[in-house]
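Student: The structure file target-v3.cif (mmCIF, C-alpha atoms and all ligand atoms) is provided below.
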data_upload
loop_
_atom_site.label_atom_id
_atom_site.label_comp_id
_atom_site.auth_asym_id
_atom_site.auth_seq_id
_atom_site.Cartn_x
_atom_site.Cartn_y
_atom_site.Cartn_z
CA MET P 335 10.28 18.14 17.66
CA PRO P 336 13.35 17.49 15.41
CA PRO P 337 12.93 18.39 11.71
CA ARG P 338 11.79 15.44 9.56
CA ARG P 339 14.69 14.02 7.55
CA LEU P 340 12.88 13.64 4.25
CA HIS P 341 15.88 12.50 2.32
CA ASP P 342 16.72 9.52 4.49
CA ARG P 343 18.22 6.27 3.19
CA TYR P 344 14.88 4.65 2.31
CA PHE P 345 13.57 7.77 0.58
CA LYS P 346 16.62 7.81 -1.71
CA GLN P 347 16.50 4.05 -2.23
CA ALA P 348 12.80 4.26 -3.22
CA LYS P 349 13.66 6.85 -5.86
CA ARG P 350 16.42 4.61 -7.21
CA ASP P 351 14.30 1.45 -7.19
CA GLY P 352 11.28 3.13 -8.81
CA TYR P 353 8.93 2.80 -5.83
CA LEU P 354 6.25 5.43 -5.30
CA ALA P 355 7.02 5.72 -1.56
CA ARG P 356 9.57 4.60 1.02
CA SER P 357 6.79 2.50 2.63
CA ALA P 358 7.56 -0.16 0.00
CA TYR P 359 10.46 -1.39 2.15
CA LYS P 360 8.15 -1.99 5.11
CA LEU P 361 6.08 -4.49 3.13
CA ILE P 362 9.24 -6.00 1.63
CA GLU P 363 10.59 -6.61 5.14
CA ILE P 364 7.26 -7.93 6.44
CA ASP P 365 7.16 -10.38 3.55
CA GLN P 366 10.81 -11.39 3.88
CA ARG P 367 10.21 -12.23 7.53
CA HIS P 368 6.74 -13.73 7.35
CA LYS P 369 6.31 -14.99 3.74
CA ILE P 370 2.74 -13.86 3.21
CA LEU P 371 2.97 -13.11 -0.55
CA ARG P 372 3.60 -15.52 -3.40
CA PRO P 373 2.69 -15.95 -7.08
CA GLY P 374 -0.99 -16.53 -7.78
CA LEU P 375 -2.44 -15.00 -4.59
CA ARG P 376 -5.29 -12.48 -4.41
CA VAL P 377 -4.40 -9.50 -2.26
CA LEU P 378 -6.50 -6.62 -0.93
CA ASP P 379 -4.49 -3.51 0.01
CA LEU P 380 -6.45 -1.11 2.24
CA GLY P 381 -5.10 2.43 2.28
CA CYS P 382 -3.09 1.83 -0.90
CA SER P 383 -2.34 5.37 -2.16
CA PRO P 384 0.11 6.51 -3.54
CA GLY P 385 0.77 2.86 -4.44
CA SER P 386 4.13 1.49 -3.32
CA TRP P 387 2.60 -1.53 -1.52
CA LEU P 388 0.58 -2.18 -4.69
CA GLN P 389 3.89 -2.27 -6.61
CA VAL P 390 5.48 -4.71 -4.14
CA ALA P 391 2.39 -6.95 -3.96
CA ALA P 392 1.94 -6.94 -7.75
CA ASP P 393 5.56 -8.09 -8.23
CA ALA P 394 5.15 -10.84 -5.62
CA VAL P 395 1.86 -12.30 -6.84
CA THR P 396 2.87 -11.93 -10.52
CA GLU P 397 0.29 -11.86 -13.32
CA ARG P 398 -1.05 -15.17 -12.01
CA GLY P 399 -2.49 -13.30 -9.03
CA MET P 400 -4.58 -10.15 -8.51
CA VAL P 401 -4.16 -7.08 -6.32
CA VAL P 402 -7.09 -4.82 -5.41
CA GLY P 403 -6.40 -1.50 -3.68
CA ILE P 404 -8.73 0.91 -1.94
CA ASP P 405 -8.05 4.34 -0.55
CA LEU P 406 -9.86 7.59 0.18
CA LYS P 407 -7.42 9.14 -2.30
CA PRO P 408 -6.92 8.05 -5.91
CA VAL P 409 -3.89 6.09 -7.11
CA ARG P 410 -2.58 8.20 -9.97
CA ALA P 411 0.49 6.21 -11.00
CA PRO P 412 0.15 3.60 -13.76
CA MET P 413 -0.10 0.04 -12.42
CA PRO P 414 0.27 -3.41 -14.01
CA SER P 415 -2.88 -5.00 -15.47
CA HIS P 416 -3.35 -7.35 -12.50
CA VAL P 417 -3.83 -4.37 -10.15
CA ARG P 418 -7.21 -2.67 -9.76
CA THR P 419 -7.89 0.29 -7.50
CA ILE P 420 -10.96 2.14 -6.32
CA GLU P 421 -11.55 5.21 -4.19
CA ALA P 422 -13.45 4.05 -1.13
CA ASP P 423 -13.64 4.42 2.61
CA ALA P 424 -12.74 1.27 4.56
CA TYR P 425 -15.72 2.02 6.80
CA LYS P 426 -18.13 1.92 3.87
CA ILE P 427 -16.94 -0.85 1.57
CA ASP P 428 -18.96 -3.62 0.00
CA PRO P 429 -16.94 -6.87 0.39
CA ALA P 430 -18.72 -8.52 -2.57
CA GLU P 431 -17.71 -5.63 -4.84
CA LEU P 432 -14.04 -5.94 -3.84
CA ILE P 433 -14.04 -9.73 -4.27
CA ALA P 434 -15.62 -9.32 -7.72
CA LEU P 435 -12.84 -6.86 -8.64
CA ALA P 436 -10.27 -9.56 -7.83
CA THR P 437 -11.75 -11.91 -10.41
CA PRO P 438 -9.28 -11.99 -13.32
CA PRO P 439 -10.67 -10.65 -16.62
CA ASN P 440 -9.94 -14.00 -18.33
CA ALA P 441 -11.81 -16.06 -15.68
CA SER P 442 -14.45 -18.45 -16.94
CA PRO P 443 -17.95 -16.93 -16.68
CA THR P 444 -18.94 -19.83 -14.39
CA ALA P 445 -16.00 -19.27 -11.99
CA ARG P 446 -17.31 -18.33 -8.55
CA PRO P 447 -15.81 -15.22 -6.99
CA ARG P 448 -13.58 -16.21 -4.09
CA ALA P 449 -12.26 -14.40 -1.07
CA PHE P 450 -8.81 -12.81 -0.78
CA ASP P 451 -5.77 -14.80 0.34
CA VAL P 452 -4.11 -11.78 1.98
CA LEU P 453 -5.35 -8.52 3.51
CA LEU P 454 -2.84 -5.67 3.80
CA SER P 455 -3.46 -2.39 5.56
CA ASP P 456 -1.09 0.54 5.79
CA MET P 457 -4.05 2.78 6.64
CA ALA P 458 -3.33 5.61 8.98
CA PRO P 459 -5.75 8.18 10.37
CA ASP P 460 -4.94 11.84 9.72
CA THR P 461 -2.39 12.41 12.44
CA SER P 462 -3.73 15.27 14.54
CA GLY P 463 -1.78 14.33 17.65
CA HIS P 464 -5.09 13.70 19.44
CA ASP P 465 -6.21 10.10 19.89
CA ASP P 466 -4.16 8.98 16.84
CA ASP P 467 -3.56 5.60 18.47
CA LEU P 468 -7.28 5.15 19.22
CA ARG P 469 -8.26 6.00 15.64
CA SER P 470 -5.56 3.66 14.30
CA ALA P 471 -6.88 0.85 16.54
CA HIS P 472 -10.38 1.61 15.27
CA LEU P 473 -9.19 1.10 11.67
CA CYS P 474 -7.65 -2.26 12.71
CA ARG P 475 -10.90 -3.33 14.36
CA GLN P 476 -12.75 -2.43 11.17
CA ILE P 477 -10.42 -4.78 9.25
CA LEU P 478 -10.98 -7.57 11.78
CA ALA P 479 -14.75 -7.01 11.46
CA LEU P 480 -14.51 -7.22 7.65
CA ALA P 481 -12.18 -10.25 7.59
CA PRO P 482 -14.91 -12.95 7.67
CA ALA P 483 -16.44 -11.44 4.51
CA LEU P 484 -13.15 -10.75 2.73
CA LEU P 485 -10.51 -13.30 3.74
CA ARG P 486 -10.41 -17.03 3.04
CA HIS P 487 -9.93 -19.61 5.76
CA GLY P 488 -6.16 -19.93 6.35
CA GLY P 489 -5.47 -16.47 4.86
CA SER P 490 -3.00 -13.84 6.13
CA LEU P 491 -3.17 -10.24 7.33
CA ALA P 492 -0.60 -7.49 7.81
CA MET P 493 -1.91 -4.21 9.26
CA LYS P 494 -0.45 -1.03 10.64
CA ILE P 495 -1.29 0.10 14.16
CA PHE P 496 0.05 2.95 16.26
CA GLU P 497 1.48 1.87 19.59
CA GLY P 498 -0.68 2.97 22.49
CA ALA P 499 -3.17 1.70 25.01
CA GLU P 500 -5.14 -0.20 22.37
CA TYR P 501 -2.17 -2.03 20.84
CA ALA P 502 -2.24 -5.03 23.23
CA PRO P 503 -6.06 -5.42 23.09
CA VAL P 504 -6.03 -5.34 19.27
CA LEU P 505 -3.19 -7.90 19.26
CA ALA P 506 -5.33 -10.14 21.50
CA GLU P 507 -8.41 -9.67 19.29
CA THR P 508 -6.30 -10.66 16.28
CA ARG P 509 -5.01 -13.75 18.12
CA ALA P 510 -8.61 -14.78 18.75
CA VAL P 511 -9.19 -15.31 15.02
CA PHE P 512 -5.72 -16.15 13.60
CA ASP P 513 -3.41 -19.06 14.50
CA ASN P 514 -0.12 -17.17 14.42
CA VAL P 515 0.16 -13.45 15.27
CA LYS P 516 3.27 -11.29 15.68
CA GLY P 517 4.01 -7.58 16.16
CA LEU P 518 6.78 -6.05 14.05
CA LYS P 519 8.48 -2.69 13.68
CA PRO P 520 10.16 -2.68 10.26
CA ASP P 521 13.57 -1.09 9.76
CA ALA P 522 12.11 1.41 7.28
CA THR P 523 9.80 2.82 9.96
CA ARG P 524 11.25 6.09 11.22
CA SER P 525 12.68 5.69 14.70
CA VAL P 526 10.45 8.50 16.05
CA SER P 527 7.32 6.87 14.67
CA ARG P 528 4.93 4.90 16.88
CA GLU P 529 3.81 2.71 14.02
CA MET P 530 3.91 -1.06 14.34
CA TYR P 531 2.57 -3.83 12.13
CA ILE P 532 0.54 -6.81 13.25
CA VAL P 533 1.23 -9.79 11.03
CA ALA P 534 -1.24 -12.65 11.33
CA LYS P 535 -1.39 -16.01 9.55
CA GLY P 536 -3.91 -18.84 9.55
CA PHE P 537 -7.26 -17.05 9.61
CA ARG P 538 -9.95 -19.12 11.28
CA ALA P 539 -13.01 -18.37 9.22
CA ALA P 540 -16.30 -19.01 10.98
CA ALA P 541 -17.81 -21.42 8.46
CA PRO P 542 -15.21 -24.05 7.50
CA GLU P 543 -17.61 -26.09 5.35
CA GLN P 544 -18.18 -23.02 3.16
CA THR P 545 -14.54 -21.92 3.00
CA GLN P 546 -12.84 -25.28 2.56
CA SER P 547 -13.34 -25.27 -1.20
CA GLN P 548 -11.83 -21.77 -1.37
CA GLU P 549 -8.77 -23.03 0.44
CA GLU P 550 -8.46 -26.05 -1.84
CA ARG P 551 -8.56 -23.80 -4.89
CA ALA P 552 -5.97 -21.37 -3.53
CA PRO P 553 -2.68 -21.58 -5.44
C1 LIG Y 601 0.67 5.69 4.77
S1 LIG Y 601 -0.49 5.89 3.52
C2 LIG Y 601 -0.38 4.38 2.64
C3 LIG Y 601 0.86 4.24 1.79
C4 LIG Y 601 0.79 3.04 0.87
N1 LIG Y 601 0.86 1.79 1.63
C5 LIG Y 601 1.94 3.03 -0.10
O1 LIG Y 601 2.86 2.26 0.09
O2 LIG Y 601 1.90 3.79 -1.07
C6 LIG Y 601 -2.00 5.71 4.39
C7 LIG Y 601 -3.24 5.79 3.52
O3 LIG Y 601 -4.39 5.36 4.28
C8 LIG Y 601 -5.50 5.99 3.69
N2 LIG Y 601 -6.67 5.89 4.57
C9 LIG Y 601 -6.81 6.38 5.83
N3 LIG Y 601 -8.04 6.12 6.30
C10 LIG Y 601 -8.68 5.42 5.33
C11 LIG Y 601 -9.99 4.88 5.23
N4 LIG Y 601 -10.91 5.01 6.21
N5 LIG Y 601 -10.33 4.21 4.10
C12 LIG Y 601 -9.43 4.09 3.09
N6 LIG Y 601 -8.18 4.60 3.12
C13 LIG Y 601 -7.81 5.26 4.24
C14 LIG Y 601 -5.03 7.43 3.48
O4 LIG Y 601 -5.82 8.09 2.52
C15 LIG Y 601 -3.57 7.20 3.02
O5 LIG Y 601 -3.45 7.27 1.62
#
In structure tokens, what does this structure look like?

Tutor:
Amino acid sequence: MPPRRLHDRYFKQAKRDGYLARSAYKLIEIDQRHKILRPGLRVLDLGCSPGSWLQVAADAVTERGMVVGIDLKPVRAPMPSHVRTIEADAYKIDPAELIALATPPNASPTARPRAFDVLLSDMAPDTSGHDDDLRSAHLCRQILALAPALLRHGGSLAMKIFEGAEYAPVLAETRAVFDNVKGLKPDATRSVSREMYIVAKGFRAAAPEQTQSQEERAP
């Protein structure tokens, strides 16, 4: 295998731009192409450490929005006040706890917690070389299983998946619950990498009568 070129263009650019990781440019490109982030939105970032997607999402939603991040590892870098992070396993999370974390501190005590507008996942299994694509697909299926409890009707999703036998089935499973689904390999992804992103818009939540008011209140 060729040696990893750590000091590639995006690595240097991330240093210059103050991002915690080169991955920032993947989310920037996803958003430039698909327009999933905007001021006022509530975003959940799964697999958020060290925190460069949190930085990009926080800038995009501004202080009018909220960003909640979870990861097995802590986020050590300081973040703006509209970002909250917890150490948690995506297989063991409590959706109500995450939605409560996205309630702004200045919200009225009678304001009802509401679901996220956008789910992001850059989660990757520990790459052992064995079944990495299957474990990556498993993480994606966990997000799809959690979406009804976490994401509002009409909401968006961007999630990483390794190309492999399960890529097409996961794409189809995503299409079953979102109106508009695309696969994307951002420029900042290393050419040797098998990572892809599935970007999905227009989530079809199961209970429209319950979610309609959430949609109406979305910025
Ligand atoms: C590529 S890194 C994310 C980089 C991040 N998007 C950024 O820009 O800083 C992948 C992360 O997924 C996390 N992860 C993997 N499996 C997870 C799980 N089951 N639950 C939560 N986080 C997980 C890892 O701990 C790792 O920090």

Student: Nearest to Glu397 of chain P: which of P:Arg410, P:Pro438, P:Asp351, P:Lys360 is it, counting all atoms listed in the file?

Tutor: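 Comparing P:Arg410, P:Pro438, P:Asp351, P:Lys360 against Glu397 of chain P, the winner is P:Pro438.
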
Student: For ligand LIG 601 (chain Y), collect every residue having any atom at a distance of at most 7 Å from a ligand atom (counting only C-alpha atoms and all ligand atoms); output as a list in words.

Tutor: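 So, counting only C-alpha atoms and all ligand atoms, the residues near ligand LIG 601 (chain Y) are Leu354, Ala355, Ser357, Ala358, Leu380, Gly381, Cys382, Ser383, Pro384, Gly385, Ser386, Trp387, Leu388, Ile404, Asp405, Leu406, Lys407, Ala422, Asp423, Ala424, Tyr425, Asp456, Met457, Ala458, Pro459, Asp460 and Leu473 of chain P.
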
Student: Taking all atoms listed in the file into account, name the residue in P:Gln389, P:Ala483, P:His368, P:Pro443 that is nearest to Glu431 of chain P.

Tutor: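 Smallest distance to Glu431 of chain P is found for P:Ala483.
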
Student: With only C-alpha atoms as the basis for distance, which of P:Asp467, P:Glu363, P:Asp342, P:Asp521 is at the shortest distance from Ala502 of chain P?

Tutor: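 Closest to Ala502 of chain P, using only C-alpha atoms: P:Asp467.
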
Student: Considering all atoms listed in the file, state which residue in the set P:Asn514, P:Ala534, P:Ala539, P:Arg446 is at the smallest distance from Leu480 of chain P.

Tutor: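 Between P:Asn514, P:Ala534, P:Ala539, P:Arg446, the residue approaching Leu480 of chain P most closely is P:Ala539.
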
Student: Which value, in Å to one decimal, gives the distance between atom CA of Leu378 of chain P and atom CA of Val515 of chain P?

Tutor: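 Answer for the atom CA of Leu378 of chain P to atom CA of Val515 of chain P separation: 18.8 Å.
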
Student: Counting only C-alpha atoms, figure out which residue out of P:Ala522, P:Ala434, P:Ala449, P:Ile532 gets nearest to Tyr359 of chain P.

Tutor: P:Ala522

Student: Provide the atom CA of Val417 of chain P to atom CA of Val402 of chain P distance in Å, to one decimal place.

Tutor: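 Answer for the atom CA of Val417 of chain P to atom CA of Val402 of chain P separation: 5.8 Å.
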
Student: Just give me the gap between atom CA of Ile433 of chain P and atom CA of Phe496 of chain P in Å, one decimal is fine.

Tutor: 27.9 Å

Student: Give me, as a short mmCIF file (atom, residue, chain, number, x, y, z; two decimals) with C-alpha atoms, keeping the file's coordinate frame, all polymer residues having an atom no more than 10 Å from Pro439 of chain P, counting all atoms listed in the file and skipping those fewer than 3 positions away in the same chain.

Tutor:
data_model
loop_
_atom_site.label_atom_id
_atom_site.label_comp_id
_atom_site.auth_asym_id
_atom_site.auth_seq_id
_atom_site.Cartn_x
_atom_site.Cartn_y
_atom_site.Cartn_z
CA SER P 415 -2.88 -5.00 -15.47
CA HIS P 416 -3.35 -7.35 -12.50
CA LEU P 435 -12.84 -6.86 -8.64
CA ALA P 436 -10.27 -9.56 -7.83
CA SER P 442 -14.45 -18.45 -16.94
CA PRO P 443 -17.95 -16.93 -16.68
#

Student: Identify, on the basis of all atoms listed in the file, every residue whose closest approach to Ala540 of chain P does not exceed 10 Å; exclude the query and any residue fewer than 5 positions from it along the same chain; express the result as a PDB file with C-alpha atoms, in the coordinates of the input.

Tutor:
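See out-v8.pdb below for the written result:
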ATOM      1  CA  PRO P 482     -14.910 -12.950   7.670  1.00  0.00           C
ATOM      2  CA  ALA P 483     -16.440 -11.440   4.510  1.00  0.00           C
ATOM      3  CA  HIS P 487      -9.930 -19.610   5.760  1.00  0.00           C
ATOM      4  CA  VAL P 511      -9.190 -15.310  15.020  1.00  0.00           C
ATOM      5  CA  THR P 545     -14.540 -21.920   3.000  1.00  0.00           C
TER       6      THR P 545
END

Student: So, counting only C-alpha atoms, which residue among P:Leu432, P:Val377, P:Ile427, P:Val526 is closest to Ala479 of chain P?

Tutor: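 Looking only at the distances to Ala479 of chain P, the closest residue turns out to be P:Ile427.
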
Student: Report as a list in words all protein, DNA and RNA residues lying within 10 Å of His472 of chain P, evaluated on only C-alpha atoms, omitting residues in the same chain fewer than 4 positions from it.

Tutor: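 Near His472 of chain P, the qualifying residues are Pro459, Asp466, Asp467, Leu468, Gln476, Ile477, Leu478, Ile495, Glu500 and Val504 of chain P.
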
Student: If you count only C-alpha atoms, which residues fall within 9 Å of Tyr531 of chain P, apart from same-chain ones fewer than 3 positions away, as a list in words?

Tutor: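 Contacts, in chain order: Ile364, Asp456, Ala492, Met493, Lys494, Ile495, Phe496, Lys516, Gly517, Leu518, Lys519 and Pro520 of chain P.
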
Student: Around all listed atoms of segment 490-507 of chain P, padded 4 Å per side, what centre and edge lengths does the axis-aligned box have in Å to one decimal, as AutoDock Vina command-line options?

Tutor:
--center_x -3.5 --center_y -5.4 --center_z 15.6 --size_x 17.9 --size_y 24.8 --size_z 26.9
